[in-house]
Every structure is written in C-alpha cells, then in structure tokens.
file input-v1.pdb (PDB, C-alpha atoms)
MODEL        1
ATOM      1  CA  MET M 308     -89.458  12.719  66.700
ATOM      2  CA  SER M 309     -92.753  11.463  65.403
ATOM      3  CA  GLU M 310     -94.978   8.988  67.146
ATOM      4  CA  ASN M 311     -94.633   6.400  64.538
ATOM      5  CA  THR M 312     -95.547   3.071  63.209
ATOM      6  CA  ASP M 313     -92.624   3.555  60.872
ATOM      7  CA  ASP M 314     -89.902   3.033  63.452
ATOM      8  CA  ILE M 315     -86.644   2.132  61.734
ATOM      9  CA  GLY M 316     -84.539  -0.508  63.405
ATOM     10  CA  GLY M 317     -85.922   0.193  66.859
ATOM     11  CA  SER M 318     -84.405   3.677  66.742
ATOM     12  CA  GLY M 319     -87.654   5.474  67.486
ATOM     13  CA  TYR M 320     -87.311   7.452  64.262
ATOM     14  CA  SER M 321     -89.263   7.202  61.027
ATOM     15  CA  LEU M 322     -88.249   7.618  57.402
ATOM     16  CA  GLU M 323     -89.506  11.197  57.507
ATOM     17  CA  ASP M 324     -87.480  11.869  60.653
ATOM     18  CA  LEU M 325     -84.346  10.548  58.956
ATOM     19  CA  SER M 326     -85.010  12.667  55.899
ATOM     20  CA  ALA M 327     -85.320  15.770  58.076
ATOM     21  CA  TYR M 328     -82.160  14.792  59.971
ATOM     22  CA  LEU M 329     -80.261  14.495  56.690
ATOM     23  CA  ASP M 330     -81.587  17.872  55.553
ATOM     24  CA  ARG M 331     -80.240  19.393  58.749
ATOM     25  CA  GLY M 332     -76.781  18.073  57.935
ATOM     26  CA  ARG M 333     -77.132  15.379  60.635
ATOM     27  CA  LEU M 334     -76.919  18.068  63.303
ATOM     28  CA  PRO M 335     -77.358  18.072  66.197
ATOM     29  CA  ARG M 336     -76.053  14.505  66.381
ATOM     30  CA  ILE M 337     -78.694  11.962  67.386
ATOM     31  CA  SER M 338     -77.063   8.993  69.006
ATOM     32  CA  ALA M 339     -80.000   6.647  68.439
ATOM     33  CA  ILE M 340     -79.653   7.236  64.699
ATOM     34  CA  GLU M 341     -75.866   7.315  64.423
ATOM     35  CA  ARG M 342     -75.468   4.038  66.360
ATOM     36  CA  ASN M 343     -78.172   2.202  64.449
ATOM     37  CA  ALA M 344     -77.134   0.114  61.434
ATOM     38  CA  GLU M 345     -80.498   0.306  59.707
ATOM     39  CA  CYS M 346     -80.709   4.066  60.110
ATOM     40  CA  GLN M 347     -77.189   4.434  58.718
ATOM     41  CA  ALA M 348     -78.045   2.305  55.708
ATOM     42  CA  ILE M 349     -81.268   4.235  55.073
ATOM     43  CA  LEU M 350     -79.414   7.567  55.325
ATOM     44  CA  ALA M 351     -76.800   6.313  52.859
ATOM     45  CA  SER M 352     -79.570   5.253  50.480
ATOM     46  CA  MET M 353     -81.218   8.650  50.798
ATOM     47  CA  GLU M 354     -77.954  10.354  49.906
ATOM     48  CA  ARG M 355     -77.441   8.094  46.900
ATOM     49  CA  MET M 356     -81.008   8.537  45.712
ATOM     50  CA  GLY M 357     -80.753  12.280  46.162
ATOM     51  CA  ARG M 358     -77.734  12.366  43.880
ATOM     52  CA  LEU M 359     -79.431  10.180  41.302
ATOM     53  CA  SER M 360     -82.695  12.101  41.358
ATOM     54  CA  ARG M 361     -80.864  15.316  40.529
ATOM     55  CA  GLU M 362     -79.462  13.621  37.445
ATOM     56  CA  ILE M 363     -82.811  12.632  36.057
ATOM     57  CA  VAL M 364     -84.871  14.962  33.953
ATOM     58  CA  GLU M 365     -88.068  16.109  35.640
ATOM     59  CA  ASP M 366     -90.299  17.023  32.754
ATOM     60  CA  GLN M 367     -89.741  14.581  29.933
ATOM     61  CA  ALA M 368     -92.740  14.207  27.680
ATOM     62  CA  SER M 369     -92.816  10.463  28.100
ATOM     63  CA  GLU M 370     -92.024  10.608  31.849
ATOM     64  CA  PRO M 371     -90.490   7.142  31.922
ATOM     65  CA  VAL M 372     -89.747   7.330  35.630
ATOM     66  CA  SER M 373     -92.693   8.507  37.695
ATOM     67  CA  GLU M 374     -92.442  11.584  39.907
ATOM     68  CA  SER M 375     -92.863   9.459  42.990
ATOM     69  CA  TRP M 376     -90.055   7.068  42.127
ATOM     70  CA  TYR M 377     -87.817   8.466  44.867
ATOM     71  CA  ASP M 378     -90.452   7.857  47.542
ATOM     72  CA  SER M 379     -91.363   4.450  46.215
ATOM     73  CA  ILE M 380     -87.751   3.315  46.100
ATOM     74  CA  MET M 381     -87.070   4.639  49.592
ATOM     75  CA  ARG M 382     -90.093   2.701  50.883
ATOM     76  CA  GLU M 383     -88.719  -0.333  49.136
ATOM     77  CA  VAL M 384     -85.300   0.223  50.721
ATOM     78  CA  MET M 385     -86.927   0.526  54.138
ATOM     79  CA  ARG M 386     -88.839  -2.699  53.602
ATOM     80  CA  GLU M 387     -85.619  -4.437  52.626
ATOM     81  CA  PHE M 388     -83.836  -3.341  55.769
ATOM     82  CA  ARG M 389     -86.644  -4.733  57.849
ATOM     83  CA  ALA M 390     -85.964  -8.145  56.411
ATOM     84  CA  GLY M 391     -83.894  -8.977  59.421
ATOM     85  CA  ARG M 392     -82.811 -12.524  58.750
ATOM     86  CA  ASP M 393     -79.199 -13.326  59.542
ATOM     87  CA  ILE M 394     -77.272 -15.402  57.020
ATOM     88  CA  PRO M 395     -74.159 -17.367  58.046
ATOM     89  CA  LEU M 396     -70.971 -15.857  56.652
ATOM     90  CA  ALA M 397     -68.520 -18.586  57.534
ATOM     91  CA  ARG M 398     -68.110 -21.665  59.683
ATOM     92  CA  THR M 399     -65.851 -21.548  62.712
ATOM     93  CA  ASP M 400     -64.321 -24.286  64.842
ATOM     94  CA  ASP M 401     -65.067 -22.710  68.195
ATOM     95  CA  GLY M 402     -68.790 -22.116  67.733
ATOM     96  CA  THR M 403     -68.431 -18.406  67.051
ATOM     97  CA  GLU M 404     -71.290 -17.188  64.900
ATOM     98  CA  LEU M 405     -70.327 -14.925  62.006
ATOM     99  CA  VAL M 406     -73.406 -13.682  60.210
ATOM    100  CA  VAL M 407     -74.433 -11.009  57.752
ATOM    101  CA  THR M 408     -77.850  -9.404  57.795
ATOM    102  CA  GLU M 409     -80.167  -9.691  54.842
ATOM    103  CA  GLY M 410     -80.394  -5.897  54.884
ATOM    104  CA  ALA M 411     -76.635  -5.616  54.366
ATOM    105  CA  LEU M 412     -76.892  -7.788  51.269
ATOM    106  CA  TYR M 413     -79.781  -5.728  49.904
ATOM    107  CA  GLU M 414     -77.701  -2.588  50.330
ATOM    108  CA  LEU M 415     -74.729  -4.254  48.651
ATOM    109  CA  ILE M 416     -76.850  -5.245  45.654
ATOM    110  CA  ARG M 417     -78.196  -1.709  45.309
ATOM    111  CA  THR M 418     -74.674  -0.333  45.457
ATOM    112  CA  VAL M 419     -73.652  -2.604  42.582
ATOM    113  CA  GLY M 420     -76.424  -1.042  40.485
ATOM    114  CA  ASP M 421     -75.420   2.467  41.494
ATOM    115  CA  GLY M 422     -71.957   1.751  40.122
ATOM    116  CA  ILE M 423     -73.203   0.742  36.676
ATOM    117  CA  GLU M 424     -73.601   3.581  34.247
ATOM    118  CA  GLY M 425     -77.173   4.097  33.047
ATOM    119  CA  VAL M 426     -78.791   1.726  35.540
ATOM    120  CA  LEU M 427     -81.245   2.538  38.346
ATOM    121  CA  VAL M 428     -82.174  -0.238  40.735
ATOM    122  CA  GLY M 429     -85.851  -0.602  41.563
ATOM    123  CA  ARG M 430     -86.947  -3.695  43.433
ATOM    124  CA  VAL M 431     -84.575  -6.254  44.925
ATOM    125  CA  ARG M 432     -85.543  -9.681  46.229
ATOM    126  CA  LEU M 433     -83.239 -12.102  47.989
ATOM    127  CA  ASP M 434     -84.092 -15.678  48.741
ATOM    128  CA  GLN M 435     -82.357 -18.656  50.271
ATOM    129  CA  PRO M 436     -84.584 -21.677  49.682
ATOM    130  CA  GLU M 437     -82.781 -23.758  52.305
ATOM    131  CA  PRO M 438     -80.202 -22.969  54.969
ATOM    132  CA  ASN M 439     -76.721 -22.848  53.442
ATOM    133  CA  ALA M 440     -78.150 -23.031  49.918
ATOM    134  CA  PRO M 441     -76.860 -20.489  47.383
ATOM    135  CA  LEU M 442     -78.656 -17.148  47.488
ATOM    136  CA  GLU M 443     -81.121 -16.388  44.737
ATOM    137  CA  VAL M 444     -81.401 -12.772  43.637
ATOM    138  CA  ARG M 445     -84.099 -11.021  41.630
ATOM    139  CA  VAL M 446     -83.629  -7.384  40.656
ATOM    140  CA  THR M 447     -85.749  -4.972  38.652
ATOM    141  CA  VAL M 448     -83.866  -2.101  37.034
ATOM    142  CA  SER M 449     -84.501   0.926  34.882
ATOM    143  CA  VAL M 450     -82.027   1.411  32.023
ATOM    144  CA  ARG M 451     -81.200   4.755  30.473
ATOM    145  CA  PHE M 452     -82.638   5.255  26.985
ATOM    146  CA  GLY M 453     -80.066   4.266  24.386
ATOM    147  CA  ARG M 454     -78.039   2.089  26.724
ATOM    148  CA  ALA M 455     -77.603  -1.493  25.510
ATOM    149  CA  MET M 456     -79.866  -3.514  27.768
ATOM    150  CA  ASN M 457     -78.111  -6.844  27.398
ATOM    151  CA  SER M 458     -74.825  -5.343  28.455
ATOM    152  CA  ALA M 459     -76.407  -3.533  31.406
ATOM    153  CA  VAL M 460     -78.098  -6.718  32.586
ATOM    154  CA  ASP M 461     -74.902  -8.757  32.223
ATOM    155  CA  GLN M 462     -72.907  -6.183  34.166
ATOM    156  CA  MET M 463     -75.527  -6.155  36.888
ATOM    157  CA  ARG M 464     -75.668  -9.927  37.124
ATOM    158  CA  ASP M 465     -71.876 -10.375  37.204
ATOM    159  CA  GLY M 466     -71.470  -7.471  39.631
ATOM    160  CA  ILE M 467     -73.966  -8.906  42.080
ATOM    161  CA  ARG M 468     -72.380 -12.318  41.996
ATOM    162  CA  SER M 469     -68.821 -11.116  42.541
ATOM    163  CA  ALA M 470     -69.821  -8.561  45.191
ATOM    164  CA  ILE M 471     -71.575 -11.191  47.314
ATOM    165  CA  GLU M 472     -69.203 -14.093  46.766
ATOM    166  CA  ARG M 473     -66.176 -12.157  47.965
ATOM    167  CA  HIS M 474     -67.532 -12.540  51.496
ATOM    168  CA  GLY M 475     -66.728 -15.783  53.267
ATOM    169  CA  ASP M 476     -68.861 -18.789  52.366
ATOM    170  CA  LEU M 477     -71.625 -16.802  50.665
ATOM    171  CA  ARG M 478     -72.570 -18.259  47.302
ATOM    172  CA  VAL M 479     -74.972 -17.006  44.681
ATOM    173  CA  GLY M 480     -77.196 -19.258  42.586
ATOM    174  CA  ARG M 481     -79.660 -17.723  40.196
ATOM    175  CA  VAL M 482     -79.575 -13.975  39.468
ATOM    176  CA  ASP M 483     -82.580 -12.660  37.555
ATOM    177  CA  VAL M 484     -82.317  -9.085  36.320
ATOM    178  CA  THR M 485     -85.473  -7.627  34.778
ATOM    179  CA  VAL M 486     -85.506  -4.329  32.900
ATOM    180  CA  GLY M 487     -88.799  -2.867  34.042
ATOM    181  CA  ASP M 488     -88.364   0.694  32.864
ATOM    182  CA  VAL M 489     -86.395   3.050  30.620
ATOM    183  CA  HIS M 490     -85.387   6.508  31.721
ATOM    184  CA  LEU M 491     -83.779   9.584  30.200
ATOM    185  CA  ASP M 492     -80.909  11.574  31.615
ATOM    186  CA  GLU M 493     -80.815  15.316  31.928
ATOM    187  CA  GLY M 494     -80.038  17.053  28.678
ATOM    188  CA  GLU M 495     -81.342  14.292  26.481
ATOM    189  CA  ASP M 496     -84.220  14.783  24.102
TER     190      ASP M 496
ATOM    191  CA  MET W 289     -58.195 -14.461  87.675
ATOM    192  CA  THR W 290     -60.749 -11.809  88.560
ATOM    193  CA  THR W 291     -64.054 -12.031  86.760
ATOM    194  CA  ILE W 292     -65.436  -8.791  85.452
ATOM    195  CA  SER W 293     -69.075  -7.875  85.150
ATOM    196  CA  ALA W 294     -71.033  -7.529  81.926
ATOM    197  CA  ALA W 295     -71.311  -3.780  82.499
ATOM    198  CA  GLU W 296     -67.524  -3.504  82.772
ATOM    199  CA  LEU W 297     -66.859  -5.811  79.879
ATOM    200  CA  ALA W 298     -69.140  -4.194  77.283
ATOM    201  CA  PRO W 299     -67.172  -0.937  76.893
ATOM    202  CA  ARG W 300     -63.919  -2.916  76.694
ATOM    203  CA  ILE W 301     -65.405  -4.941  73.871
ATOM    204  CA  ASP W 302     -66.500  -1.759  72.099
ATOM    205  CA  LEU W 303     -62.931  -0.483  72.180
ATOM    206  CA  ALA W 304     -61.494  -3.792  71.026
ATOM    207  CA  VAL W 305     -63.923  -4.059  68.114
ATOM    208  CA  THR W 306     -63.339  -0.480  66.992
ATOM    209  CA  ALA W 307     -59.611  -1.160  66.864
ATOM    210  CA  VAL W 308     -59.903  -4.083  64.452
ATOM    211  CA  GLU W 309     -58.621  -3.288  60.983
ATOM    212  CA  GLY W 310     -61.420  -3.426  58.443
ATOM    213  CA  VAL W 311     -64.157  -2.393  60.860
ATOM    214  CA  ARG W 312     -65.600   0.804  59.439
ATOM    215  CA  GLU W 313     -68.547   1.319  61.777
ATOM    216  CA  CYS W 314     -69.861  -0.182  64.994
ATOM    217  CA  TYR W 315     -73.578  -0.297  65.777
ATOM    218  CA  SER W 316     -75.637  -1.111  68.774
ATOM    219  CA  ALA W 317     -76.167  -4.838  69.131
ATOM    220  CA  ARG W 318     -78.333  -4.414  72.202
ATOM    221  CA  PRO W 319     -81.975  -5.475  72.174
ATOM    222  CA  VAL W 320     -84.550  -3.027  70.874
ATOM    223  CA  VAL W 321     -85.998  -2.518  74.349
ATOM    224  CA  ALA W 322     -82.597  -1.528  75.740
ATOM    225  CA  ARG W 323     -82.091   0.864  72.849
ATOM    226  CA  ALA W 324     -85.528   2.358  73.350
ATOM    227  CA  PHE W 325     -84.764   2.907  77.039
ATOM    228  CA  GLU W 326     -81.492   4.634  76.157
ATOM    229  CA  HIS W 327     -83.336   6.781  73.691
ATOM    230  CA  VAL W 328     -85.992   7.833  76.189
ATOM    231  CA  THR W 329     -83.456   8.544  78.919
ATOM    232  CA  ASP W 330     -81.041  10.161  76.481
ATOM    233  CA  ALA W 331     -78.299   7.841  77.676
ATOM    234  CA  GLU W 332     -75.566   6.396  75.493
ATOM    235  CA  GLY W 333     -74.675   2.912  76.664
ATOM    236  CA  SER W 334     -72.298   0.397  75.210
ATOM    237  CA  LEU W 335     -72.739  -0.973  71.728
ATOM    238  CA  ALA W 336     -71.935  -4.589  72.541
ATOM    239  CA  ALA W 337     -74.633  -6.785  74.014
ATOM    240  CA  VAL W 338     -73.325  -8.885  76.896
ATOM    241  CA  ASP W 339     -75.666 -11.304  78.641
ATOM    242  CA  GLU W 340     -74.557 -13.342  81.612
ATOM    243  CA  THR W 341     -76.389 -16.448  82.649
ATOM    244  CA  SER W 342     -75.288 -19.358  84.803
ATOM    245  CA  GLY W 343     -71.618 -18.557  84.700
ATOM    246  CA  SER W 344     -71.354 -18.067  80.967
ATOM    247  CA  ARG W 345     -71.665 -15.112  78.664
ATOM    248  CA  ALA W 346     -73.353 -14.498  75.347
ATOM    249  CA  ILE W 347     -71.757 -11.600  73.509
ATOM    250  CA  THR W 348     -73.081  -9.992  70.337
ATOM    251  CA  VAL W 349     -71.449  -7.190  68.389
ATOM    252  CA  CYS W 350     -72.655  -5.483  65.245
ATOM    253  CA  ILE W 351     -70.290  -3.994  62.663
ATOM    254  CA  GLY W 352     -70.059  -2.443  59.216
ATOM    255  CA  VAL W 353     -67.219  -3.174  56.793
ATOM    256  CA  SER W 354     -66.092  -1.614  53.536
ATOM    257  CA  PRO W 355     -66.864  -3.221  50.158
ATOM    258  CA  ASP W 356     -63.167  -3.966  49.721
ATOM    259  CA  GLU W 357     -62.958  -6.285  52.701
ATOM    260  CA  ASP W 358     -63.938  -9.926  53.070
ATOM    261  CA  ALA W 359     -66.547  -9.492  55.772
ATOM    262  CA  ALA W 360     -65.977 -13.023  57.051
ATOM    263  CA  LEU W 361     -62.274 -12.384  57.682
ATOM    264  CA  VAL W 362     -62.984  -9.107  59.447
ATOM    265  CA  ALA W 363     -65.748 -10.707  61.501
ATOM    266  CA  ALA W 364     -63.436 -13.555  62.535
ATOM    267  CA  THR W 365     -60.794 -11.052  63.657
ATOM    268  CA  VAL W 366     -63.472  -9.165  65.568
ATOM    269  CA  ALA W 367     -64.542 -12.374  67.312
ATOM    270  CA  THR W 368     -60.945 -12.969  68.431
ATOM    271  CA  ALA W 369     -60.722  -9.404  69.721
ATOM    272  CA  VAL W 370     -63.983  -9.815  71.603
ATOM    273  CA  ARG W 371     -62.766 -12.982  73.307
ATOM    274  CA  GLY W 372     -59.535 -11.248  74.250
ATOM    275  CA  ALA W 373     -61.290  -8.254  75.743
ATOM    276  CA  GLY W 374     -62.615 -10.217  78.692
ATOM    277  CA  GLY W 375     -59.287 -11.174  80.141
ATOM    278  CA  ASP W 376     -60.894 -13.890  82.253
ATOM    279  CA  ASP W 377     -61.862 -17.524  81.861
ATOM    280  CA  VAL W 378     -65.624 -17.160  81.761
ATOM    281  CA  PRO W 379     -66.889 -19.251  78.845
ATOM    282  CA  SER W 380     -68.370 -17.011  76.206
ATOM    283  CA  SER W 381     -70.329 -17.507  73.044
ATOM    284  CA  VAL W 382     -69.640 -14.792  70.505
ATOM    285  CA  ARG W 383     -71.838 -13.639  67.666
ATOM    286  CA  VAL W 384     -70.547 -11.087  65.148
ATOM    287  CA  ARG W 385     -73.270  -9.555  63.026
ATOM    288  CA  VAL W 386     -72.217  -7.691  59.886
ATOM    289  CA  ALA W 387     -75.008  -5.190  59.303
ATOM    290  CA  ARG W 388     -73.410  -3.214  56.488
ATOM    291  CA  LEU W 389     -71.057  -4.330  53.729
ATOM    292  CA  VAL W 390     -70.626  -0.890  52.199
ATOM    293  CA  ALA W 391     -69.942   1.239  55.249
ATOM    294  CA  PRO W 392     -68.127   4.498  54.470
ATOM    295  CA  PRO W 393     -64.780   5.383  56.060
ATOM    296  CA  SER W 394     -65.434   6.564  59.606
TER     297      SER W 394
ENDMDL
END
call {"tool": "encode", "arguments": {"input": "input-v1.pdb", "output": "structure tokens"}}
result
Amino acid sequence: MSENTDDIGGSGYSLEDLSAYLDRGRLPRISAIERNAECQAILASMERMGRLSREIVEDQASEPVSESWYDSIMREVMREFRAGRDIPLARTDDGTELVVTEGALYELIRTVGDGIEGVLVGRVRLDQPEPNAPLEVRVTVSVRFGRAMNSAVDQMRDGIRSAIERHGDLRVGRVDVTVGDVHLDEGED
Amino acid sequence: MTTISAAELAPRIDLAVTAVEGVRECYSARPVVARAFEHVTDAEGSLAAVDETSGSRAITVCIGVSPDEDAALVAATVATAVRGAGGDDVPSSVRVRVARLVAPPS
C-alpha cells in the first residue's frame, strides 16, 4: 500500500493501488477495499473503462480522444466519489433517514452513458440548488463519428432522468448534455 | 427485556441487512478512523455503525442496490430489518445510506 494523499474513501488505498489490485484479479482479498463502497465503485469504473478503452482505436490520424483519456476520466471518477454529500431518498414517518450518496448518483449517470451505443461519458456535474429541489445534471460526452448527435443527446438526457427518478422521491430538473468530443471506433477509417 | 450492547448488536444488524431482498452489497458504515484502525490491525469488524449515548442508539448502515430496484423501497425494508435486529426496547435512530445504485450481483 502506498503512503498516499490519494486515499480513497478512507480505505488507505490509492487509485494506483486499486489498479494494481484489479490487475492481480483482486487476490489476495483485501478487506479494506472489498468492504468500502467508494473503492468498489472505482473498481467497477476501472473495469468499465478498461473494456471501453480496448474498443477505441489507438492510432487514428486525428486522435479525437487523447491517449490520456483513461487516466483523466478515472481521476474525474475519483473526484466524483469524493463528493460525499448525502441526498434524501424518501421521507419516513418514524424519523428514519434514507439517503443516497452523491457518488452513487454519479456512478448511475455514468452507467447510463455506458449503455448508450456510441457514447463515452466525460465529465459529470450534479447540483441541488436547495435542499429537496430537483437535481440538476450537466454531462459532457464524446460521440462516435457518424452517430447522430441529437439522438445520442436525447437518449442520454432521457436515460439519466428515468434512471434517477425511479428511486424514491428523487426528481430531476435540468439535464444539460454537451458533446465535447468525437471519437472513432476500432476498424473505422 | 435484556438490553444488548452495541458490539453484540452490530453483527446482528449486518446479518439482517444482508438478508434483505434487493440488497446487493453491504459496506462499512463505520467512521473513517475506525476503518483505518481495522486496516492497521488487520481486523475485520462489523459493517454497521452503532453508537450508544444516554440510553439511545444511533445506527447507520451502508448498502448497494441493483439498478432494477427502487433504492428507497429497499432502504426502507433495510431500516425495518435493522430495528428488528435489536430485539430490545432501546430507542434507536436509523440511517440507511445507499452508496451504490448499480451494484453487481454478489
């Protein structure tokens, strides 16, 4: 384990440590990682990004997605999971608090993008101007060359809204989806 | 009715939470310092955080659910299970924290 300023979720492990742990097939089991929600979410993101990165061409002439995109997105994911605000999920009569973490919502939004063909999620921002106000979402995506952007953006926007609003009292206000990049898939010219 | 200690109650809560349908993963809800101590001593304590003060308890649990579930419904069921795990009349406040909405099948 590194001496780190990059400690994820109080686990004592950094992003690099988690990457090495994943490379080792998560063996031997490290309890502090396996029992930590933020570490689990980061590991899941690493696995998803690993799959996506293998699908993207590495030496396109125009290089629409930079070589460091994996690292930059993982840093972004880590930043998101550190946004530790808790958001009420539902009201209860007996004073029980049911909350969802901001990090869980960030991961959910990224998963929506992963499920849309030809879309890569870059930056995600979540805001709740006032307690109990609808959530406002801003997402930057890269769209595969040739994919209709309007359709991709609409799918992303609708997907985010329905994915969040299926949970308790959560409501979504504005969803801004910005296409910030275009990428090419393997095998394309 | 016999009152049980926080140390006895926490593992019971862990079991009760794990058994709730829709709960895919359970995570440590204990404070960072407690987790750091466990890490240094290589101990594996309970996941639930149970604090006792002045005859009442504050219980926090942390869970992950699948994308197909309404997290609020699962969390409410978890809260009921947590209250039932005590088996005594000590007043308890319960906080259920959903830390992942896309947890994989465990």
call {"tool": "closest_atom_pairs", "arguments": {"input": "input-v1.pdb", "of": "segment 374-482 of chain M", "to": "segment 335-352 of chain M", "cutoff": "8 Å", "atoms": "all atoms listed in the file", "output": "tab-separated table"}}
result
residue	atom	partner	partner_atom	distance
M:Met381	CA	M:Ser352	CA	7.6
M:Val384	CA	M:Ile349	CA	7.2
M:Met385	CA	M:Ile349	CA	6.8
M:Phe388	CA	M:Glu345	CA	6.3
M:Gly410	CA	M:Glu345	CA	7.9
M:Glu414	CA	M:Ala348	CA	7.3
call {"tool": "closest_residue", "arguments": {"input": "input-v1.pdb", "among": "W:Leu335, W:Ala346, W:Val386, W:Val366", "to": "Val308 of chain W", "atoms": "all atoms listed in the file"}}
result
W:Val366
call {"tool": "closest_atom_pairs", "arguments": {"input": "input-v1.pdb", "of": "chain M", "to": "chain W", "cutoff": "8 Å", "atoms": "all atoms listed in the file", "output": "Markdown table"}}
result
| residue | atom | partner | partner_atom | distance |
| --- | --- | --- | --- | --- |
| M:Gly316 | CA | W:Val320 | CA | 7.9 |
| M:Gly317 | CA | W:Val320 | CA | 5.3 |
| M:Ser318 | CA | W:Ala324 | CA | 6.8 |
| M:Gly319 | CA | W:Ala324 | CA | 7.0 |
| M:Ser338 | CA | W:Glu332 | CA | 7.1 |
| M:Ala339 | CA | W:His327 | CA | 6.2 |
| M:Arg342 | CA | W:Tyr315 | CA | 4.8 |
| M:Asn343 | CA | W:Tyr315 | CA | 5.4 |
| M:Ala344 | CA | W:Tyr315 | CA | 5.6 |
| M:Glu345 | CA | W:Ala387 | CA | 7.8 |
| M:Ala348 | CA | W:Arg388 | CA | 7.2 |
| M:Asp393 | CA | W:Arg385 | CA | 7.8 |
| M:Leu396 | CA | W:Ala360 | CA | 5.8 |
| M:Ala397 | CA | W:Ala360 | CA | 6.1 |
| M:Gly402 | CA | W:Ser381 | CA | 7.2 |
| M:Thr403 | CA | W:Val382 | CA | 5.1 |
| M:Glu404 | CA | W:Arg383 | CA | 4.5 |
| M:Leu405 | CA | W:Val384 | CA | 5.0 |
| M:Val406 | CA | W:Arg385 | CA | 5.0 |
| M:Val407 | CA | W:Val386 | CA | 4.5 |
| M:Thr408 | CA | W:Ala387 | CA | 5.3 |
| M:Gly410 | CA | W:Ala387 | CA | 7.0 |
| M:Ala411 | CA | W:Arg388 | CA | 4.5 |
| M:Leu412 | CA | W:Leu389 | CA | 7.2 |
| M:Glu414 | CA | W:Val390 | CA | 7.5 |
| M:Leu415 | CA | W:Leu389 | CA | 6.3 |
| M:Thr418 | CA | W:Val390 | CA | 7.9 |
| M:Ala470 | CA | W:Pro355 | CA | 7.9 |
| M:Arg473 | CA | W:Asp358 | CA | 6.0 |
| M:His474 | CA | W:Asp358 | CA | 4.7 |
| M:Gly475 | CA | W:Ala360 | CA | 4.7 |
| M:Asp476 | CA | W:Ala360 | CA | 8.0 |
call {"tool": "write_last_selection", "arguments": {"input": "input-v1.pdb", "atoms": "C-alpha atoms", "output": "PDB file, in the frame of the given file"}}
result
ATOM      1  CA  GLY M 316     -84.539  -0.508  63.405  1.00  0.00           C
ATOM      2  CA  GLY M 317     -85.922   0.193  66.859  1.00  0.00           C
ATOM      3  CA  SER M 318     -84.405   3.677  66.742  1.00  0.00           C
ATOM      4  CA  GLY M 319     -87.654   5.474  67.486  1.00  0.00           C
ATOM      5  CA  SER M 338     -77.063   8.993  69.006  1.00  0.00           C
ATOM      6  CA  ALA M 339     -80.000   6.647  68.439  1.00  0.00           C
ATOM      7  CA  ARG M 342     -75.468   4.038  66.360  1.00  0.00           C
ATOM      8  CA  ASN M 343     -78.172   2.202  64.449  1.00  0.00           C
ATOM      9  CA  ALA M 344     -77.134   0.114  61.434  1.00  0.00           C
ATOM     10  CA  GLU M 345     -80.498   0.306  59.707  1.00  0.00           C
ATOM     11  CA  ALA M 348     -78.045   2.305  55.708  1.00  0.00           C
ATOM     12  CA  ASP M 393     -79.199 -13.326  59.542  1.00  0.00           C
ATOM     13  CA  LEU M 396     -70.971 -15.857  56.652  1.00  0.00           C
ATOM     14  CA  ALA M 397     -68.520 -18.586  57.534  1.00  0.00           C
ATOM     15  CA  GLY M 402     -68.790 -22.116  67.733  1.00  0.00           C
ATOM     16  CA  THR M 403     -68.431 -18.406  67.051  1.00  0.00           C
ATOM     17  CA  GLU M 404     -71.290 -17.188  64.900  1.00  0.00           C
ATOM     18  CA  LEU M 405     -70.327 -14.925  62.006  1.00  0.00           C
ATOM     19  CA  VAL M 406     -73.406 -13.682  60.210  1.00  0.00           C
ATOM     20  CA  VAL M 407     -74.433 -11.009  57.752  1.00  0.00           C
ATOM     21  CA  THR M 408     -77.850  -9.404  57.795  1.00  0.00           C
ATOM     22  CA  GLY M 410     -80.394  -5.897  54.884  1.00  0.00           C
ATOM     23  CA  ALA M 411     -76.635  -5.616  54.366  1.00  0.00           C
ATOM     24  CA  LEU M 412     -76.892  -7.788  51.269  1.00  0.00           C
ATOM     25  CA  GLU M 414     -77.701  -2.588  50.330  1.00  0.00           C
ATOM     26  CA  LEU M 415     -74.729  -4.254  48.651  1.00  0.00           C
ATOM     27  CA  THR M 418     -74.674  -0.333  45.457  1.00  0.00           C
ATOM     28  CA  ALA M 470     -69.821  -8.561  45.191  1.00  0.00           C
ATOM     29  CA  ARG M 473     -66.176 -12.157  47.965  1.00  0.00           C
ATOM     30  CA  HIS M 474     -67.532 -12.540  51.496  1.00  0.00           C
ATOM     31  CA  GLY M 475     -66.728 -15.783  53.267  1.00  0.00           C
ATOM     32  CA  ASP M 476     -68.861 -18.789  52.366  1.00  0.00           C
TER      33      ASP M 476
END
call {"tool": "resolve_selection", "arguments": {"input": "input-v1.pdb", "expression": "the PyMOL selection byres ((chain M and resi 457-461) around 10)", "output": "PyMOL selection string"}}
result
chain M and resi 420+423-426+446-451+454-456+462-467+483-486
call {"tool": "atom_distance", "arguments": {"input": "input-v1.pdb", "atom1": "atom CA of Glu443 of chain M", "atom2": "atom CA of Leu322 of chain M"}}
result
28.1 Å
call {"tool": "closest_residue", "arguments": {"input": "input-v1.pdb", "among": "W:Arg345, W:Val353, W:Gly333, W:Val370", "to": "Glu309 of chain W", "atoms": "all atoms listed in the file"}}
result
W:Val353
call {"tool": "atom_distance", "arguments": {"input": "input-v1.pdb", "atom1": "atom CA of Arg318 of chain W", "atom2": "atom CA of Arg432 of chain M"}}
result
27.5 Å
call {"tool": "resolve_selection", "arguments": {"input": "input-v1.pdb", "expression": "the PyMOL selection byres ((chain M and resi 480) around 9)", "output": "MDAnalysis selection string"}}
result
chainID M and resid 440:444 468 478:479 481:482
call {"tool": "atom_distance", "arguments": {"input": "input-v1.pdb", "atom1": "atom CA of Ser344 of chain W", "atom2": "atom CA of Pro379 of chain W"}}
result
5.1 Å
call {"tool": "closest_residue", "arguments": {"input": "input-v1.pdb", "among": "W:Ser354, W:Gly343, W:Ala295, W:Val378", "to": "Gly310 of chain W", "atoms": "only C-alpha atoms"}}
result
W:Ser354
call {"tool": "closest_residue", "arguments": {"input": "input-v1.pdb", "among": "M:Asp400, M:Glu409, M:Glu387, M:Asp421", "to": "Arg355 of chain M", "atoms": "all atoms listed in the file"}}
result
M:Asp421
call {"tool": "resolve_selection", "arguments": {"input": "input-v1.pdb", "expression": "the PyMOL selection byres ((chain W and resi 375) around 12)", "output": "count of residues only"}}
result
22
call {"tool": "build_atoms", "arguments": {"input": "input-v1.pdb", "residues": "segment 374-379 of chain W", "atoms": "N, CA and C atoms", "output": "compact mmCIF listing (two decimals), in the frame of the given file"}}
result
# COMPACT_ATOMS: atom_id res chain seq x y z
N GLY W 374 -62.15 -9.82 77.36
CA GLY W 374 -62.62 -10.22 78.69
C GLY W 374 -61.48 -10.36 79.68
N GLY W 375 -60.42 -10.99 79.25
CA GLY W 375 -59.29 -11.17 80.14
C GLY W 375 -59.57 -12.11 81.30
N ASP W 376 -60.62 -12.90 81.21
CA ASP W 376 -60.89 -13.89 82.25
C ASP W 376 -61.27 -15.22 81.59
N ASP W 377 -61.61 -16.20 82.41
CA ASP W 377 -61.86 -17.52 81.86
C ASP W 377 -63.34 -17.87 81.75
N VAL W 378 -64.19 -16.88 81.84
CA VAL W 378 -65.62 -17.16 81.76
C VAL W 378 -65.95 -17.62 80.33
N PRO W 379 -66.57 -18.79 80.21
CA PRO W 379 -66.89 -19.25 78.84
C PRO W 379 -67.87 -18.30 78.16
